[in-house]
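Asker: First the structure, then my questions, so here it is.
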Amino acid sequence: MLMTNNKIKSQPNNPLHGVKLSTIVEFLYKKYGWEELSEIININCFKSDPSINSTLKFLRKTRWARNKVEKLYLESI
């Protein structure tokens, strides 16, 4: 929920509201591992020397890849 002028606004149509990107990446890594993630979503941050930090850096700069990761997260929870 967002606090604006002492009023609380919610985002009922946004299932990712309040979920950090790091939480999403860590969840997917624990569930699938890097190898399976690279098969599901064909992006190099899952293939070439993957790590949580390098993946987060890439996803923060690359909207299309982040959209795919967020979609997989929603399908996986």
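The way I read the labels, and the way they are meant: chains A, B, ... in the order of the structure tokens, residue 1 as the first residue of every chain, and ligand 1 as the first ligand shown, with later ones counted on from there.
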So which residues touch region 19-32 of chain A within 9 Å, counting only C-alpha atoms, skipping near sequence neighbours fewer than 4 positions away, as a PyMOL selection string?

Answerer: chain A and resi 15+36-37+52-53+55-56+59-60+66+69-70+72-73+76

Asker: To one decimal place, how far is CA of Trp34 (chain A) from CA of Asn14 (chain A) in Å?

Answerer: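 Computing it gives 26.8 Å between the two atoms.
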
Asker: Which parts of chain A does DSSP call helix (DSSP H, G or I) when run on the backbone here, written out as a VMD selection string?

Answerer: chain A and resid 21 to 40 44 to 46 52 to 61 63 to 76

Asker: Using DSSP assignments from the backbone, pull out every residue in chain A that falls under strand (DSSP E or B) and give it to me as a PyMOL selection string.

Answerer: chain A and resi 2-4+7-9

Asker: May I have the residues from that selection written out with C-alpha atoms, as a PDB file, in the first residue's frame?

Answerer:
ATOM      1  CA  LEU A   2       1.134   3.536  -0.697  1.00  0.00           C
ATOM      2  CA  MET A   3       0.946   6.329   1.869  1.00  0.00           C
ATOM      3  CA  THR A   4      -0.075   9.619   0.245  1.00  0.00           C
ATOM      4  CA  LYS A   7      -4.429   8.281   2.907  1.00  0.00           C
ATOM      5  CA  ILE A   8      -3.676   4.687   2.075  1.00  0.00           C
ATOM      6  CA  LYS A   9      -3.921   3.672  -1.559  1.00  0.00           C
TER       7      LYS A   9
END

Asker: Could you tell me how far CA of Asn42 (chain A) sits from CA of His17 (chain A), in Å to one decimal place?

Answerer: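 CA of His17 (chain A) sits 25.5 Å away from CA of Asn42 (chain A).
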